[in-house]
>>> print(open('final_15.tsv').read())   # TSV, C-alpha atoms
chain	number	residue	atom	x	y	z
A	116	MET	CA	79.69	4.66	-42.62
A	117	ILE	CA	78.15	5.34	-46.01
A	118	PRO	CA	74.45	4.36	-46.04
A	119	GLY	CA	74.02	1.16	-47.97
A	120	GLN	CA	77.72	0.38	-47.92
A	121	VAL	CA	78.44	-3.31	-48.06
A	122	THR	CA	79.96	-4.47	-44.82
A	123	GLY	CA	82.29	-7.34	-44.19
A	124	ASN	CA	79.26	-9.58	-44.06
A	125	ARG	CA	78.53	-10.41	-47.69
A	126	TYR	CA	74.90	-11.13	-46.83
A	127	ALA	CA	74.34	-7.78	-45.14
A	128	SER	CA	73.81	-5.18	-47.82
A	129	VAL	CA	72.63	-2.73	-45.16
A	130	ALA	CA	73.66	-3.12	-41.53
A	131	MET	CA	70.30	-2.15	-40.13
A	132	LEU	CA	66.84	-3.48	-39.69
A	133	ARG	CA	64.08	-0.99	-40.34
A	134	MET	CA	60.82	-1.74	-38.65
A	135	PRO	CA	57.45	0.00	-38.29
A	136	THR	CA	56.70	0.85	-34.67
A	137	GLU	CA	53.51	-1.24	-34.88
A	138	VAL	CA	55.56	-4.32	-35.68
A	139	HIS	CA	58.04	-3.54	-32.92
A	140	LEU	CA	55.24	-3.20	-30.37
A	141	ALA	CA	53.44	-6.33	-31.57
A	142	MET	CA	56.69	-8.28	-31.34
A	143	VAL	CA	57.39	-7.16	-27.78
A	144	ALA	CA	53.74	-7.79	-26.82
A	145	HIS	CA	53.93	-11.36	-28.16
A	146	CYS	CA	57.09	-11.94	-26.14
A	147	LEU	CA	55.49	-10.55	-22.96
A	148	ARG	CA	52.40	-12.71	-23.47
A	149	GLY	CA	54.65	-15.75	-23.76
A	150	LEU	CA	56.14	-15.32	-20.29
A	151	PRO	CA	57.39	-17.27	-18.40
A	152	GLU	CA	58.36	-19.15	-21.57
A	153	GLU	CA	60.43	-17.90	-24.46
A	154	ALA	CA	58.31	-16.63	-27.35
A	155	CYS	CA	59.13	-16.51	-31.05
A	156	GLY	CA	57.89	-15.45	-34.44
A	157	LEU	CA	58.92	-14.56	-37.97
A	158	LEU	CA	59.45	-11.22	-39.65
A	159	ALA	CA	58.43	-10.50	-43.24
A	160	GLY	CA	59.70	-7.74	-45.46
A	161	HIS	CA	62.43	-7.19	-48.02
A	162	LEU	CA	65.81	-8.85	-47.58
A	163	ALA	CA	67.55	-6.53	-50.01
A	164	THR	CA	66.81	-3.41	-47.97
A	165	GLY	CA	66.42	-4.78	-44.45
A	166	GLU	CA	62.88	-3.41	-44.24
A	167	VAL	CA	60.37	-5.27	-42.11
A	168	ALA	CA	56.73	-4.91	-43.10
A	169	GLY	CA	54.97	-7.36	-40.81
A	170	LEU	CA	55.32	-10.17	-38.32
A	171	TYR	CA	53.99	-13.66	-37.79
A	172	PRO	CA	53.82	-14.60	-34.10
A	173	ALA	CA	54.31	-18.36	-33.71
A	174	ASP	CA	54.09	-20.97	-30.98
A	175	ASN	CA	57.21	-22.07	-29.16
A	176	LEU	CA	56.79	-25.85	-29.39
A	177	ALA	CA	59.52	-26.31	-26.78
A	178	HIS	CA	57.38	-24.52	-24.13
A	179	SER	CA	60.52	-23.58	-22.30
A	180	ALA	CA	62.02	-20.54	-20.59
A	181	ARG	CA	65.44	-21.51	-21.98
A	182	VAL	CA	64.95	-22.66	-25.59
A	183	TYR	CA	62.53	-22.24	-28.44
A	184	THR	CA	61.43	-24.29	-31.43
A	185	LEU	CA	59.29	-22.32	-33.83
A	186	ASP	CA	56.23	-24.23	-35.01
A	187	PRO	CA	57.23	-25.35	-38.54
A	188	LEU	CA	53.64	-25.30	-39.79
A	189	ALA	CA	53.40	-21.65	-38.73
A	190	HIS	CA	56.66	-21.10	-40.62
A	191	LEU	CA	55.19	-22.69	-43.75
A	192	ARG	CA	51.99	-20.67	-43.55
A	193	ALA	CA	53.93	-17.46	-42.91
A	194	ASP	CA	56.12	-18.15	-45.93
A	195	ARG	CA	53.12	-18.69	-48.20
A	196	ASP	CA	51.29	-15.65	-46.82
A	197	ALA	CA	54.33	-13.38	-47.13
A	198	GLU	CA	54.86	-14.43	-50.72
A	199	GLY	CA	51.22	-13.69	-51.48
A	200	ARG	CA	51.80	-10.15	-50.21
A	201	GLY	CA	54.91	-9.65	-52.30
A	202	LEU	CA	57.15	-10.05	-49.24
A	203	GLU	CA	59.59	-12.67	-48.03
A	204	LEU	CA	60.61	-13.91	-44.62
A	205	VAL	CA	63.57	-11.83	-43.51
A	206	GLY	CA	64.21	-13.07	-40.02
A	207	VAL	CA	63.11	-14.50	-36.74
A	208	PHE	CA	62.58	-12.94	-33.33
A	209	HIS	CA	62.59	-14.64	-29.97
A	210	SER	CA	62.71	-13.61	-26.35
A	211	HIS	CA	65.32	-14.17	-23.70
A	212	THR	CA	63.51	-14.24	-20.40
A	213	HIS	CA	66.50	-14.09	-18.06
A	214	THR	CA	69.49	-13.05	-20.15
A	215	ASP	CA	70.83	-10.26	-22.35
A	216	ALA	CA	69.55	-9.57	-25.86
A	217	PHE	CA	72.61	-11.31	-27.28
A	218	PRO	CA	72.66	-14.57	-29.28
A	219	SER	CA	73.30	-17.65	-27.17
A	220	PRO	CA	75.62	-20.39	-28.46
A	221	THR	CA	72.46	-22.35	-29.37
A	222	ASP	CA	71.13	-19.37	-31.35
A	223	VAL	CA	74.36	-19.21	-33.32
A	224	ALA	CA	74.64	-22.96	-33.87
A	225	GLN	CA	71.07	-23.22	-35.12
A	226	ALA	CA	70.79	-20.01	-37.16
A	227	PRO	CA	69.08	-21.33	-40.30
A	228	ASP	CA	69.77	-18.62	-42.84
A	229	PRO	CA	72.80	-16.30	-43.21
A	230	GLY	CA	70.59	-13.81	-45.04
A	231	TRP	CA	68.19	-13.45	-42.14
A	232	HIS	CA	68.00	-10.94	-39.33
A	233	TYR	CA	68.01	-12.41	-35.82
A	234	VAL	CA	66.09	-10.23	-33.40
A	235	ILE	CA	66.26	-10.89	-29.68
A	236	VAL	CA	63.88	-9.35	-27.17
A	237	SER	CA	65.31	-9.44	-23.66
A	238	LEU	CA	62.71	-9.37	-20.91
A	239	ARG	CA	65.23	-9.63	-18.09
A	240	ASP	CA	64.88	-6.01	-16.96
A	241	ASP	CA	61.84	-3.81	-16.41
A	242	GLN	CA	62.02	-2.42	-19.93
A	243	PRO	CA	62.21	-4.86	-22.86
A	244	VAL	CA	65.44	-4.54	-24.85
A	245	VAL	CA	65.34	-5.28	-28.59
A	246	ARG	CA	68.53	-5.91	-30.56
A	247	SER	CA	69.19	-7.41	-33.97
A	248	TYR	CA	72.04	-9.44	-35.41
A	249	ARG	CA	73.32	-11.11	-38.54
A	250	ILE	CA	74.74	-14.56	-37.95
A	251	VAL	CA	76.96	-15.90	-40.73
A	252	GLU	CA	79.02	-19.05	-40.38
A	253	GLY	CA	79.12	-18.66	-36.63
A	254	ALA	CA	80.09	-14.98	-36.66
A	255	ILE	CA	77.76	-12.56	-34.88
A	256	GLU	CA	77.41	-8.99	-36.14
A	257	GLU	CA	75.04	-6.56	-34.47
A	258	GLU	CA	73.01	-4.18	-36.60
A	259	SER	CA	70.90	-1.18	-35.63
A	260	VAL	CA	67.16	-1.44	-35.30
A	261	VAL	CA	65.57	1.69	-36.74
A	262	LEU	CA	61.92	2.32	-35.95
A	263	ARG	CA	59.55	4.14	-38.25
A	264	THR	CA	56.33	5.53	-36.83
A	265	HIS	CA	54.61	5.21	-40.18
A	266	TRP	CA	55.95	4.20	-43.57
A	267	ALA	CA	53.84	6.82	-45.29
A	268	ARG	CA	55.55	9.53	-43.25
A	269	ALA	CA	59.02	8.13	-43.71
A	270	SER	CA	61.14	10.35	-45.93
B	1067	MET	CA	54.99	-36.69	-62.25
B	1068	ALA	CA	55.84	-33.14	-61.40
B	1069	VAL	CA	55.35	-31.58	-58.00
B	1070	GLU	CA	56.19	-28.11	-56.83
B	1071	VAL	CA	58.92	-27.80	-54.23
B	1072	ARG	CA	58.77	-24.71	-52.04
B	1073	LEU	CA	62.27	-23.64	-51.09
B	1074	PRO	CA	63.28	-21.80	-47.93
B	1075	THR	CA	64.81	-18.35	-48.39
B	1076	VAL	CA	68.28	-19.79	-47.69
B	1077	LEU	CA	68.10	-22.04	-50.78
B	1078	ARG	CA	66.46	-19.67	-53.23
B	1079	SER	CA	69.70	-18.13	-54.49
B	1080	GLN	CA	70.63	-21.58	-55.78
B	1081	ALA	CA	67.44	-21.68	-57.85
B	1082	GLY	CA	67.83	-18.30	-59.50
B	1083	GLY	CA	65.90	-16.59	-56.72
B	1084	ARG	CA	62.77	-18.65	-57.29
B	1085	SER	CA	60.67	-19.67	-54.28
B	1086	THR	CA	59.39	-22.84	-55.95
B	1087	VAL	CA	60.79	-25.26	-58.49
B	1088	SER	CA	59.09	-28.08	-60.34
B	1089	VAL	CA	60.61	-31.51	-59.73
B	1090	GLU	CA	59.74	-35.03	-60.88
B	1091	GLY	CA	59.17	-37.81	-58.37
B	1092	SER	CA	56.55	-40.11	-56.90
B	1093	THR	CA	57.78	-40.03	-53.30
B	1094	VAL	CA	59.22	-37.28	-51.13
B	1095	GLY	CA	62.61	-39.03	-51.29
B	1096	GLU	CA	62.58	-39.13	-55.08
B	1097	VAL	CA	61.60	-35.48	-55.22
B	1098	LEU	CA	64.37	-34.40	-52.85
B	1099	HIS	CA	67.01	-36.48	-54.60
B	1100	ALA	CA	65.93	-35.05	-57.97
B	1101	LEU	CA	66.08	-31.56	-56.45
B	1102	VAL	CA	69.63	-31.92	-55.14
B	1103	SER	CA	70.73	-33.59	-58.40
B	1104	ALA	CA	69.52	-30.53	-60.28
B	1105	HIS	CA	70.93	-28.13	-57.66
B	1106	PRO	CA	73.93	-29.86	-56.04
B	1107	GLY	CA	74.63	-26.85	-53.83
B	1108	MET	CA	71.48	-27.65	-51.85
B	1109	SER	CA	72.57	-31.16	-51.09
B	1110	GLU	CA	74.21	-30.81	-47.72
B	1111	GLN	CA	71.48	-28.51	-46.40
B	1112	VAL	CA	68.69	-30.96	-47.18
B	1113	LEU	CA	70.00	-34.53	-47.02
B	1114	ASN	CA	72.65	-36.35	-45.03
B	1115	PRO	CA	75.44	-38.13	-46.92
B	1116	ASP	CA	73.55	-41.40	-46.39
B	1117	GLY	CA	70.50	-39.98	-48.15
B	1118	THR	CA	68.36	-39.49	-45.05
B	1119	LEU	CA	66.65	-36.22	-44.19
B	1120	HIS	CA	68.85	-33.66	-42.45
B	1121	ARG	CA	67.99	-33.34	-38.78
B	1122	PHE	CA	67.48	-29.58	-38.93
B	1123	VAL	CA	65.15	-29.65	-41.92
B	1124	ASN	CA	61.39	-30.03	-41.86
B	1125	VAL	CA	59.63	-31.30	-44.98
B	1126	TYR	CA	55.93	-30.90	-45.55
B	1127	VAL	CA	53.62	-32.37	-48.18
B	1128	ASN	CA	50.96	-29.72	-48.45
B	1129	ASP	CA	50.19	-29.08	-44.74
B	1130	ASP	CA	51.56	-32.35	-43.32
B	1131	ASP	CA	54.97	-32.96	-41.79
B	1132	VAL	CA	56.45	-36.03	-43.51
B	1133	ARG	CA	57.90	-37.21	-40.19
B	1134	TYR	CA	54.31	-38.01	-39.23
B	1135	LEU	CA	53.60	-39.63	-42.59
B	1136	SER	CA	56.05	-42.09	-44.13
B	1137	ALA	CA	59.09	-39.78	-44.09
B	1138	LEU	CA	60.99	-40.02	-47.39
B	1139	ASP	CA	58.69	-42.84	-48.56
B	1140	THR	CA	55.65	-40.56	-48.39
B	1141	PRO	CA	53.94	-40.68	-51.80
B	1142	VAL	CA	53.31	-37.48	-53.71
B	1143	LYS	CA	50.98	-36.84	-56.62
B	1144	GLU	CA	50.64	-34.27	-59.34
B	1145	GLY	CA	49.74	-30.93	-57.85
B	1146	ASP	CA	51.15	-31.61	-54.39
B	1147	GLU	CA	53.42	-29.01	-52.84
B	1148	VAL	CA	56.52	-30.31	-51.07
B	1149	SER	CA	57.97	-27.65	-48.76
B	1150	ILE	CA	61.45	-27.58	-47.29
B	1151	LEU	CA	61.82	-25.55	-44.13
B	1152	PRO	CA	64.90	-25.11	-41.98
B	1153	ALA	CA	64.20	-25.80	-38.32
B	1154	VAL	CA	63.96	-22.41	-36.60
B	1155	ALA	CA	65.12	-22.90	-33.05
B	1156	GLY	CA	67.54	-21.60	-30.50
B	1157	GLY	CA	68.06	-20.79	-26.89
>>> encode(input="final_15.tsv", output="structure tokens")
Amino acid sequence: MIPGQVTGNRYASVAMLRMPTEVHLAMVAHCLRGLPEEACGLLAGHLATGEVAGLYPADNLAHSARVYTLDPLAHLRADRDAEGRGLELVGVFHSHTHTDAFPSPTDVAQAPDPGWHYVIVSLRDDQPVVRSYRIVEGAIEEESVVLRTHWARAS
Amino acid sequence: MAVEVRLPTVLRSQAGGRSTVSVEGSTVGEVLHALVSAHPGMSEQVLNPDGTLHRFVNVYVNDDDVRYLSALDTPVKEGDEVSILPAVAGG
């Protein structure tokens, strides 16, 4: 595939999510801390390029091992903060404590934004598994998650 | 009077990419109805056909969820920020 080629998903200009390793580690750590419940948070960055620059861990108001409801006040504050940094919210991450890193029917039904990236951290096995998806009108499309050790070193 | 409405990322393309728009109204309901009148494409993502707030949308006045205030009857004043947020949830 040609880098940057538009895929069948009209919202996905680039079928990958690029993420600093620090953000990846912080995301997995937040999910592990949330056990035995599902954990969640928001990702900020640039929608046009699929670059993540930071994350906003949030409370799961559902306090459940099966479902999550991201604290809407945390969402509001994250949105304001991201904008103040010249970023925008680009997606949401949440953990699956006992299942694959694949969107559940509830994840698909409740996906709030076709432009967002939906990251799932599976904690079912010994090693956390992180995968990312686009969800548009009920259709699930996986994208690669590319880690960068440091943006300044990225070439 | 004019209040600022903060739009979620999913609605920004319908407002020329802006994150906030200025809308007239003295209650949250008036503000939202004025918003969807100006941007009809937002209608079904914000309000139900009967004019009530969509179940999967959270609306805040400044830092307060209107469901814990007076819902669509919540008064707003000049300088308030009304924020629309899609519920972020799943399984």
>>> residues_near_point(input="final_15.tsv", point="(57.8, -18.1, -24.5)", cutoff="9 Å", atoms="only C-alpha atoms", output="short mmCIF file (atom, residue, chain, number, x, y, z; two decimals) with C-alpha atoms, in the coordinates of the input")
data_model
loop_
_atom_site.label_atom_id
_atom_site.label_comp_id
_atom_site.auth_asym_id
_atom_site.auth_seq_id
_atom_site.Cartn_x
_atom_site.Cartn_y
_atom_site.Cartn_z
CA HIS A 145 53.93 -11.36 -28.16
CA CYS A 146 57.09 -11.94 -26.14
CA LEU A 147 55.49 -10.55 -22.96
CA ARG A 148 52.40 -12.71 -23.47
CA GLY A 149 54.65 -15.75 -23.76
CA LEU A 150 56.14 -15.32 -20.29
CA PRO A 151 57.39 -17.27 -18.40
CA GLU A 152 58.36 -19.15 -21.57
CA GLU A 153 60.43 -17.90 -24.46
CA ALA A 154 58.31 -16.63 -27.35
CA CYS A 155 59.13 -16.51 -31.05
CA ASP A 174 54.09 -20.97 -30.98
CA ASN A 175 57.21 -22.07 -29.16
CA ALA A 177 59.52 -26.31 -26.78
CA HIS A 178 57.38 -24.52 -24.13
CA SER A 179 60.52 -23.58 -22.30
CA ALA A 180 62.02 -20.54 -20.59
CA ARG A 181 65.44 -21.51 -21.98
CA VAL A 182 64.95 -22.66 -25.59
CA TYR A 183 62.53 -22.24 -28.44
CA HIS A 209 62.59 -14.64 -29.97
CA SER A 210 62.71 -13.61 -26.35
CA HIS A 211 65.32 -14.17 -23.70
CA THR A 212 63.51 -14.24 -20.40
#
>>> atom_distance(input="final_15.tsv", atom1="CA of Arg1072 in chain B", atom2="CA of Gly160 in chain A")
18.2 Å
>>> interface_residues(input="final_15.tsv", of="chain B", to="chain A", cutoff="10 Å", atoms="all atoms listed in the file", output="PyMOL selection string")
chain B and resi 1072-1077+1085+1111+1122-1126+1128-1131+1149-1157
>>> write_last_selection(input="final_15.tsv", atoms="C-alpha atoms", output="PDB file, in the frame of the given file")
ATOM      1  CA  ARG B1072      58.770 -24.710 -52.040  1.00  0.00           C
ATOM      2  CA  LEU B1073      62.270 -23.640 -51.090  1.00  0.00           C
ATOM      3  CA  PRO B1074      63.280 -21.800 -47.930  1.00  0.00           C
ATOM      4  CA  THR B1075      64.810 -18.350 -48.390  1.00  0.00           C
ATOM      5  CA  VAL B1076      68.280 -19.790 -47.690  1.00  0.00           C
ATOM      6  CA  LEU B1077      68.100 -22.040 -50.780  1.00  0.00           C
ATOM      7  CA  SER B1085      60.670 -19.670 -54.280  1.00  0.00           C
ATOM      8  CA  GLN B1111      71.480 -28.510 -46.400  1.00  0.00           C
ATOM      9  CA  PHE B1122      67.480 -29.580 -38.930  1.00  0.00           C
ATOM     10  CA  VAL B1123      65.150 -29.650 -41.920  1.00  0.00           C
ATOM     11  CA  ASN B1124      61.390 -30.030 -41.860  1.00  0.00           C
ATOM     12  CA  VAL B1125      59.630 -31.300 -44.980  1.00  0.00           C
ATOM     13  CA  TYR B1126      55.930 -30.900 -45.550  1.00  0.00           C
ATOM     14  CA  ASN B1128      50.960 -29.720 -48.450  1.00  0.00           C
ATOM     15  CA  ASP B1129      50.190 -29.080 -44.740  1.00  0.00           C
ATOM     16  CA  ASP B1130      51.560 -32.350 -43.320  1.00  0.00           C
ATOM     17  CA  ASP B1131      54.970 -32.960 -41.790  1.00  0.00           C
ATOM     18  CA  SER B1149      57.970 -27.650 -48.760  1.00  0.00           C
ATOM     19  CA  ILE B1150      61.450 -27.580 -47.290  1.00  0.00           C
ATOM     20  CA  LEU B1151      61.820 -25.550 -44.130  1.00  0.00           C
ATOM     21  CA  PRO B1152      64.900 -25.110 -41.980  1.00  0.00           C
ATOM     22  CA  ALA B1153      64.200 -25.800 -38.320  1.00  0.00           C
ATOM     23  CA  VAL B1154      63.960 -22.410 -36.600  1.00  0.00           C
ATOM     24  CA  ALA B1155      65.120 -22.900 -33.050  1.00  0.00           C
ATOM     25  CA  GLY B1156      67.540 -21.600 -30.500  1.00  0.00           C
ATOM     26  CA  GLY B1157      68.060 -20.790 -26.890  1.00  0.00           C
TER      27      GLY B1157
END
>>> residues_around(input="final_15.tsv", residues="Asn1114 in chain B", least_positions_apart="6", cutoff="12 Å", atoms="all atoms listed in the file", output="PyMOL selection string")
chain B and resi 1098-1099+1102+1108+1120-1123
>>> atom_distance(input="final_15.tsv", atom1="CA of Gly1095 in chain B", atom2="CA of Val1127 in chain B")
11.6 Å
>>> atom_distance(input="final_15.tsv", atom1="CA of Ala159 in chain A", atom2="CA of Val1087 in chain B")
21.4 Å
>>> residues_near_point(input="final_15.tsv", point="(76.0, -5.2, -36.7)", cutoff="7 Å", atoms="only C-alpha atoms", output="list in words")
Ala130, Tyr248, Arg249, Glu256, Glu257, Glu258 and Ser259 of chain A
>>> residues_around(input="final_15.tsv", residues="range 244-246 of chain A", least_positions_apart="6", cutoff="7 Å", atoms="only C-alpha atoms", output="mmCIF file with C-alpha atoms, in the coordinates of the input")
data_model
loop_
_atom_site.group_PDB
_atom_site.id
_atom_site.type_symbol
_atom_site.label_atom_id
_atom_site.label_comp_id
_atom_site.auth_asym_id
_atom_site.auth_seq_id
_atom_site.Cartn_x
_atom_site.Cartn_y
_atom_site.Cartn_z
ATOM 1 C CA ALA A 216 69.550 -9.570 -25.860
ATOM 2 C CA VAL A 234 66.090 -10.230 -33.400
ATOM 3 C CA ILE A 235 66.260 -10.890 -29.680
ATOM 4 C CA VAL A 236 63.880 -9.350 -27.170
ATOM 5 C CA SER A 237 65.310 -9.440 -23.660
ATOM 6 C CA LEU A 238 62.710 -9.370 -20.910
ATOM 7 C CA VAL A 260 67.160 -1.440 -35.300
#
>>> axis_aligned_box(input="final_15.tsv", around="range 1070-1075 of chain B", padding_each_side="3 Å", output="lines of an AutoDock Vina configuration file")
center_x = 60.5
center_y = -23.2
center_z = -52.4
size_x = 14.6
size_y = 15.8
size_z = 14.9
>>> closest_residue(input="final_15.tsv", among="B:Thr1140, B:Ser1109, B:Gln1080, B:Thr1118", to="Val1094 in chain B", atoms="only C-alpha atoms")
B:Thr1140
>>> decode(input="final_15.tsv", residues="range 207-217 of chain A", atoms="all heavy atoms", output="short mmCIF file (atom, residue, chain, number, x, y, z; two decimals), in the first residue's frame")
data_model
loop_
_atom_site.label_atom_id
_atom_site.label_comp_id
_atom_site.auth_asym_id
_atom_site.auth_seq_id
_atom_site.Cartn_x
_atom_site.Cartn_y
_atom_site.Cartn_z
N VAL A 207 -10.28 6.98 21.53
CA VAL A 207 -10.51 6.50 22.89
C VAL A 207 -9.83 5.14 23.03
O VAL A 207 -9.75 4.38 22.06
CB VAL A 207 -12.03 6.40 23.19
CG1 VAL A 207 -12.76 5.54 22.17
CG2 VAL A 207 -12.31 5.92 24.60
N PHE A 208 -9.30 4.88 24.21
CA PHE A 208 -8.79 3.52 24.48
C PHE A 208 -9.57 2.95 25.65
O PHE A 208 -10.05 3.68 26.52
CB PHE A 208 -7.29 3.53 24.77
CG PHE A 208 -6.88 4.18 26.06
CD1 PHE A 208 -6.80 3.44 27.24
CD2 PHE A 208 -6.57 5.53 26.12
CE1 PHE A 208 -6.42 4.03 28.45
CE2 PHE A 208 -6.19 6.14 27.31
CZ PHE A 208 -6.12 5.39 28.48
N HIS A 209 -9.72 1.63 25.64
CA HIS A 209 -10.28 0.95 26.81
C HIS A 209 -9.75 -0.46 26.86
O HIS A 209 -9.23 -0.98 25.87
CB HIS A 209 -11.81 1.01 26.83
CG HIS A 209 -12.50 0.05 25.91
ND1 HIS A 209 -12.61 0.26 24.57
CD2 HIS A 209 -13.11 -1.13 26.15
CE1 HIS A 209 -13.29 -0.74 24.02
NE2 HIS A 209 -13.60 -1.61 24.95
N SER A 210 -9.85 -1.06 28.02
CA SER A 210 -9.31 -2.41 28.18
C SER A 210 -10.42 -3.45 28.06
O SER A 210 -11.59 -3.18 28.33
CB SER A 210 -8.61 -2.55 29.54
OG SER A 210 -9.51 -2.27 30.59
N HIS A 211 -10.01 -4.60 27.61
CA HIS A 211 -10.84 -5.81 27.70
C HIS A 211 -10.13 -6.72 28.70
O HIS A 211 -8.98 -7.09 28.47
CB HIS A 211 -10.96 -6.50 26.34
CG HIS A 211 -11.95 -5.84 25.43
ND1 HIS A 211 -12.17 -6.27 24.14
CD2 HIS A 211 -12.79 -4.79 25.63
CE1 HIS A 211 -13.12 -5.52 23.58
NE2 HIS A 211 -13.49 -4.61 24.45
N THR A 212 -10.78 -7.04 29.78
CA THR A 212 -10.09 -7.78 30.83
C THR A 212 -10.06 -9.29 30.57
O THR A 212 -9.15 -9.96 31.02
CB THR A 212 -10.74 -7.51 32.20
OG1 THR A 212 -12.11 -7.89 32.14
CG2 THR A 212 -10.64 -6.03 32.56
N HIS A 213 -11.05 -9.78 29.83
CA HIS A 213 -11.13 -11.23 29.64
C HIS A 213 -11.32 -11.66 28.19
O HIS A 213 -11.60 -12.81 27.93
CB HIS A 213 -12.28 -11.81 30.47
CG HIS A 213 -12.06 -11.69 31.94
ND1 HIS A 213 -12.55 -10.65 32.68
CD2 HIS A 213 -11.36 -12.47 32.80
CE1 HIS A 213 -12.18 -10.79 33.95
NE2 HIS A 213 -11.45 -11.88 34.04
N THR A 214 -11.23 -10.70 27.27
CA THR A 214 -11.46 -11.05 25.87
C THR A 214 -10.37 -10.46 24.98
O THR A 214 -9.53 -9.69 25.44
CB THR A 214 -12.84 -10.54 25.38
OG1 THR A 214 -12.90 -9.13 25.63
CG2 THR A 214 -13.98 -11.22 26.12
N ASP A 215 -10.43 -10.83 23.70
CA ASP A 215 -9.51 -10.34 22.68
C ASP A 215 -9.53 -8.82 22.57
O ASP A 215 -10.52 -8.19 22.93
CB ASP A 215 -10.03 -10.81 21.31
CG ASP A 215 -9.38 -12.08 20.87
OD1 ASP A 215 -8.38 -12.45 21.50
OD2 ASP A 215 -9.89 -12.69 19.92
N ALA A 216 -8.47 -8.29 21.95
CA ALA A 216 -8.44 -6.85 21.64
C ALA A 216 -9.19 -6.63 20.33
O ALA A 216 -8.62 -6.23 19.31
CB ALA A 216 -7.00 -6.38 21.54
N PHE A 217 -10.47 -6.92 20.35
CA PHE A 217 -11.32 -6.75 19.16
C PHE A 217 -12.62 -6.08 19.62
O PHE A 217 -13.13 -6.42 20.69
CB PHE A 217 -11.60 -8.10 18.50
CG PHE A 217 -12.22 -7.95 17.14
CD1 PHE A 217 -11.44 -7.65 16.04
CD2 PHE A 217 -13.59 -8.08 16.97
CE1 PHE A 217 -12.01 -7.48 14.78
CE2 PHE A 217 -14.17 -7.92 15.71
CZ PHE A 217 -13.38 -7.62 14.62
#
